[in-house]
>>> print(open('protein-v1.pdb').read())   # PDB, C-alpha atoms and all ligand atoms
ATOM      1  CA  MET A   1       0.000   0.000   0.000  1.00  0.00           C
ATOM      2  CA  VAL A   2       1.242   3.469  -0.894  1.00  0.00           C
ATOM      3  CA  PRO A   3       2.158   5.409   2.244  1.00  0.00           C
ATOM      4  CA  GLN A   4      -0.272   8.233   2.886  1.00  0.00           C
ATOM      5  CA  THR A   5       0.021  11.137   5.247  1.00  0.00           C
ATOM      6  CA  ARG A   6      -2.516  13.648   6.427  1.00  0.00           C
ATOM      7  CA  HIS A   7      -1.089  16.343   4.154  1.00  0.00           C
ATOM      8  CA  GLY A   8      -0.513  14.295   1.044  1.00  0.00           C
ATOM      9  CA  ARG A   9       1.868  11.759  -0.357  1.00  0.00           C
ATOM     10  CA  ALA A  10       5.089  10.723   1.269  1.00  0.00           C
ATOM     11  CA  CYS A  11       8.541  10.808  -0.249  1.00  0.00           C
ATOM     12  CA  SER A  12       9.037   7.801  -2.525  1.00  0.00           C
ATOM     13  CA  ARG A  13      12.614   7.147  -1.363  1.00  0.00           C
ATOM     14  CA  VAL A  14      13.071   3.924   0.524  1.00  0.00           C
ATOM     15  CA  SER A  15      12.821   4.360   4.309  1.00  0.00           C
ATOM     16  CA  CYS A  16      11.899   8.045   4.016  1.00  0.00           C
ATOM     17  CA  ARG A  17       8.532   9.009   5.498  1.00  0.00           C
ATOM     18  CA  THR A  18       8.773  12.749   5.013  1.00  0.00           C
ATOM     19  CA  VAL A  19       5.898  14.478   3.227  1.00  0.00           C
ATOM     20  CA  ALA A  20       6.688  14.964  -0.457  1.00  0.00           C
ATOM     21  CA  THR A  21       6.965  18.540  -1.690  1.00  0.00           C
ATOM     22  CA  MET A  22       8.211  17.964  -5.222  1.00  0.00           C
ATOM     23  CA  THR A  23       7.475  15.542  -8.040  1.00  0.00           C
ATOM     24  CA  LEU A  24      10.304  14.151 -10.136  1.00  0.00           C
ATOM     25  CA  THR A  25       9.394  13.005 -13.627  1.00  0.00           C
ATOM     26  CA  TYR A  26      11.770  11.114 -15.883  1.00  0.00           C
ATOM     27  CA  ILE A  27      11.501  11.892 -19.586  1.00  0.00           C
ATOM     28  CA  TYR A  28      13.436   8.985 -20.990  1.00  0.00           C
ATOM     29  CA  ALA A  29      13.254  10.155 -24.616  1.00  0.00           C
ATOM     30  CA  ASP A  30      15.115  13.366 -23.741  1.00  0.00           C
ATOM     31  CA  SER A  31      17.319  11.951 -20.964  1.00  0.00           C
ATOM     32  CA  THR A  32      15.844  14.643 -18.771  1.00  0.00           C
ATOM     33  CA  ALA A  33      14.617  14.615 -15.191  1.00  0.00           C
ATOM     34  CA  VAL A  34      12.072  17.325 -14.412  1.00  0.00           C
ATOM     35  CA  LEU A  35      11.698  18.368 -10.801  1.00  0.00           C
ATOM     36  CA  GLY A  36       8.599  20.464 -10.205  1.00  0.00           C
ATOM     37  CA  PRO A  37       5.818  21.247  -7.767  1.00  0.00           C
ATOM     38  CA  LEU A  38       4.052  18.219  -6.332  1.00  0.00           C
ATOM     39  CA  ALA A  39       1.834  16.725  -9.008  1.00  0.00           C
ATOM     40  CA  THR A  40      -1.857  16.356  -8.310  1.00  0.00           C
ATOM     41  CA  PHE A  41      -1.894  12.814  -9.602  1.00  0.00           C
ATOM     42  CA  ALA A  42       0.785  10.179  -9.461  1.00  0.00           C
ATOM     43  CA  GLU A  43       1.883   9.373 -12.988  1.00  0.00           C
ATOM     44  CA  PRO A  44       4.054   6.632 -14.477  1.00  0.00           C
ATOM     45  CA  HIS A  45       7.773   7.469 -14.331  1.00  0.00           C
ATOM     46  CA  SER A  46       7.176  10.111 -11.669  1.00  0.00           C
ATOM     47  CA  TYR A  47       8.332  10.019  -8.079  1.00  0.00           C
ATOM     48  CA  ASP A  48       7.361  12.207  -5.167  1.00  0.00           C
ATOM     49  CA  LEU A  49      10.288  13.592  -3.198  1.00  0.00           C
ATOM     50  CA  CYS A  50      10.637  15.492   0.057  1.00  0.00           C
ATOM     51  CA  ASP A  51      12.706  18.696   0.337  1.00  0.00           C
ATOM     52  CA  LYS A  52      15.827  16.830   1.370  1.00  0.00           C
ATOM     53  CA  HIS A  53      15.727  14.232  -1.365  1.00  0.00           C
ATOM     54  CA  SER A  54      14.778  16.697  -4.120  1.00  0.00           C
ATOM     55  CA  ALA A  55      17.784  18.814  -3.111  1.00  0.00           C
ATOM     56  CA  ARG A  56      20.035  15.753  -3.219  1.00  0.00           C
ATOM     57  CA  LEU A  57      18.686  14.563  -6.557  1.00  0.00           C
ATOM     58  CA  THR A  58      21.232  12.914  -8.781  1.00  0.00           C
ATOM     59  CA  VAL A  59      20.659  11.665 -12.321  1.00  0.00           C
ATOM     60  CA  PRO A  60      22.540   9.212 -14.520  1.00  0.00           C
ATOM     61  CA  ASN A  61      25.502  10.407 -16.572  1.00  0.00           C
ATOM     62  CA  GLY A  62      24.425  12.463 -19.569  1.00  0.00           C
ATOM     63  CA  TRP A  63      21.059  13.301 -18.048  1.00  0.00           C
ATOM     64  CA  GLU A  64      19.842  16.823 -17.512  1.00  0.00           C
ATOM     65  CA  VAL A  65      17.834  18.093 -14.554  1.00  0.00           C
ATOM     66  CA  ILE A  66      15.223  20.806 -15.015  1.00  0.00           C
ATOM     67  CA  ARG A  67      13.982  22.381 -11.787  1.00  0.00           C
ATOM     68  CA  HIS A  68      10.690  24.238 -11.869  1.00  0.00           C
ATOM     69  CA  VAL A  69      10.063  26.801  -9.188  1.00  0.00           C
ATOM     70  CA  ALA A  70       6.484  26.891  -7.961  1.00  0.00           C
ATOM     71  CA  GLU A  71       4.362  29.755  -9.233  1.00  0.00           C
ATOM     72  CA  THR A  72       3.596  31.754  -6.114  1.00  0.00           C
ATOM     73  CA  ASP A  73       1.457  34.424  -7.764  1.00  0.00           C
ATOM     74  CA  ALA A  74      -0.341  33.615 -10.990  1.00  0.00           C
ATOM     75  CA  ALA A  75      -2.826  36.484 -10.715  1.00  0.00           C
ATOM     76  CA  GLY A  76      -0.805  39.682 -10.742  1.00  0.00           C
ATOM     77  CA  PRO A  77       2.490  40.860 -12.188  1.00  0.00           C
ATOM     78  CA  SER A  78       5.572  39.534 -10.453  1.00  0.00           C
ATOM     79  CA  ASP A  79       8.231  41.687  -8.851  1.00  0.00           C
ATOM     80  CA  ASP A  80      10.328  41.095 -11.951  1.00  0.00           C
ATOM     81  CA  ASP A  81       7.552  42.448 -14.154  1.00  0.00           C
ATOM     82  CA  LEU A  82       7.188  45.514 -11.973  1.00  0.00           C
ATOM     83  CA  MET A  83      10.941  46.078 -12.034  1.00  0.00           C
ATOM     84  CA  ALA A  84      10.935  45.770 -15.823  1.00  0.00           C
ATOM     85  CA  ILE A  85       8.167  48.356 -16.060  1.00  0.00           C
ATOM     86  CA  ALA A  86      10.034  50.643 -13.668  1.00  0.00           C
ATOM     87  CA  ASP A  87      13.176  50.260 -15.774  1.00  0.00           C
ATOM     88  CA  ALA A  88      11.256  51.032 -18.962  1.00  0.00           C
ATOM     89  CA  VAL A  89       9.726  54.143 -17.393  1.00  0.00           C
ATOM     90  CA  ARG A  90      13.119  55.267 -16.116  1.00  0.00           C
ATOM     91  CA  GLU A  91      14.615  54.664 -19.558  1.00  0.00           C
ATOM     92  CA  ALA A  92      11.849  56.676 -21.232  1.00  0.00           C
ATOM     93  CA  ALA A  93      12.315  59.518 -18.733  1.00  0.00           C
ATOM     94  CA  THR A  94      16.062  59.486 -19.356  1.00  0.00           C
ATOM     95  CA  ALA A  95      15.446  59.570 -23.103  1.00  0.00           C
ATOM     96  CA  HIS A  96      13.444  62.771 -22.724  1.00  0.00           C
ATOM     97  CA  LEU A  97      16.366  64.372 -20.886  1.00  0.00           C
ATOM     98  CA  GLN A  98      18.737  63.609 -23.747  1.00  0.00           C
ATOM     99  CA  PRO A  99      20.244  66.638 -25.433  1.00  0.00           C
ATOM    100  CA  SER A 100      18.293  67.361 -28.607  1.00  0.00           C
ATOM    101  CA  GLN A 101      20.945  66.069 -30.962  1.00  0.00           C
ATOM    102  CA  SER A 102      18.873  64.289 -33.564  1.00  0.00           C
ATOM    103  CA  GLY A 103      21.078  61.184 -33.760  1.00  0.00           C
ATOM    104  CA  VAL A 104      20.999  60.509 -30.028  1.00  0.00           C
ATOM    105  CA  ALA A 105      17.257  61.106 -29.788  1.00  0.00           C
ATOM    106  CA  GLN A 106      16.512  58.612 -32.570  1.00  0.00           C
ATOM    107  CA  VAL A 107      18.521  55.865 -30.913  1.00  0.00           C
ATOM    108  CA  ALA A 108      16.752  56.477 -27.607  1.00  0.00           C
ATOM    109  CA  HIS A 109      13.323  56.382 -29.248  1.00  0.00           C
ATOM    110  CA  SER A 110      13.874  53.131 -31.109  1.00  0.00           C
ATOM    111  CA  SER A 111      15.130  51.578 -27.867  1.00  0.00           C
ATOM    112  CA  VAL A 112      11.903  52.519 -26.092  1.00  0.00           C
ATOM    113  CA  GLY A 113       9.797  51.281 -29.015  1.00  0.00           C
ATOM    114  CA  ARG A 114      11.234  47.776 -28.797  1.00  0.00           C
ATOM    115  CA  ARG A 115      10.081  47.635 -25.185  1.00  0.00           C
ATOM    116  CA  GLY A 116       6.574  48.761 -26.094  1.00  0.00           C
ATOM    117  CA  HIS A 117       4.926  45.788 -24.415  1.00  0.00           C
ATOM    118  CA  LEU A 118       6.350  46.991 -21.106  1.00  0.00           C
ATOM    119  CA  ARG A 119       4.909  50.497 -21.407  1.00  0.00           C
ATOM    120  CA  ALA A 120       3.426  51.603 -18.091  1.00  0.00           C
ATOM    121  CA  VAL A 121      -0.091  53.020 -17.863  1.00  0.00           C
ATOM    122  CA  PRO A 122      -0.340  56.074 -15.588  1.00  0.00           C
ATOM    123  CA  SER A 123      -2.640  55.407 -12.677  1.00  0.00           C
TER     124      SER A 123
HETATM  125 ZN    ZN A 201      12.700  11.849   1.293  1.00  0.00          ZN
END
>>> encode(input="protein-v1.pdb", output="structure tokens")
Amino acid sequence: MVPQTRHGRACSRVSCRTVATMTLTYIYADSTAVLGPLATFAEPHSYDLCDKHSARLTVPNGWEVIRHVAETDAAGPSDDDLMAIADAVREAATAHLQPSQSGVAQVAHSSVGRRGHLRAVPS
């Protein structure tokens, strides 16, 4: 019988009874081991691991490990997004302070244009 705990599944390592926090999935075709947030369902070729064992994960020679960090905030922009917007705004403000030499101004404008998707909306 699969060990069960009150909070979920236990680590799949032999003789470890710690609650699993990560799920390791082997993708044999790509020689890749993917370590991500605990899966909702147990799948073939996947193993639940506790913090300790996911940190100590080793894979066969030639294999690659991909570690996914859990999404903590899927609703709003992340700190990185906000920083990127702040940077874009700062860059745009700096561009306006450039001396009005036509060459310099054009370079600054095209730089801002490429970051158009980061344009901030005034509140
Ligand atoms: Zn463990």
>>> residues_near_ligand(input="protein-v1.pdb", ligand="ligand ZN 201 (chain A)", cutoff="9 Å", atoms="all atoms listed in the file", output="list in words")
Ala10, Cys11, Ser12, Arg13, Val14, Ser15, Cys16, Arg17, Thr18, Val19, Ala20, Asp48, Leu49, Cys50, Asp51, Lys52, His53 and Ser54 of chain A
>>> residues_around(input="protein-v1.pdb", residues="Thr32 (chain A)", least_positions_apart="4", cutoff="6 Å", atoms="all atoms listed in the file", output="list of chain:residue names")
A:Ile27, A:Trp63, A:Glu64, A:Val65
>>> atom_distance(input="protein-v1.pdb", atom1="CA of Arg9 (chain A)", atom2="CA of Met22 (chain A)")
10.1 Å
>>> atom_distance(input="protein-v1.pdb", atom1="CA of Gly8 (chain A)", atom2="CA of Val34 (chain A)")
20.2 Å
>>> atom_distance(input="protein-v1.pdb", atom1="CA of Leu57 (chain A)", atom2="CA of Asp30 (chain A)")
17.6 Å
>>> axis_aligned_box(input="protein-v1.pdb", around="region 85-90 of chain A", padding_each_side="5 Å", output="lines of an AutoDock Vina configuration file")
center_x = 10.7
center_y = 51.8
center_z = -16.3
size_x = 15.0
size_y = 16.9
size_z = 15.3
>>> resolve_selection(input="protein-v1.pdb", expression="the PyMOL selection byres (((chain A and resi 47) around 6) and not hetatm)", output="list in words")
Thr23, Leu24, Ser46 and Asp48 of chain A
>>> closest_residue(input="protein-v1.pdb", among="A:Val59, A:Tyr26, A:Arg67, A:Arg90", to="His45 (chain A)", atoms="all atoms listed in the file")
A:Tyr26
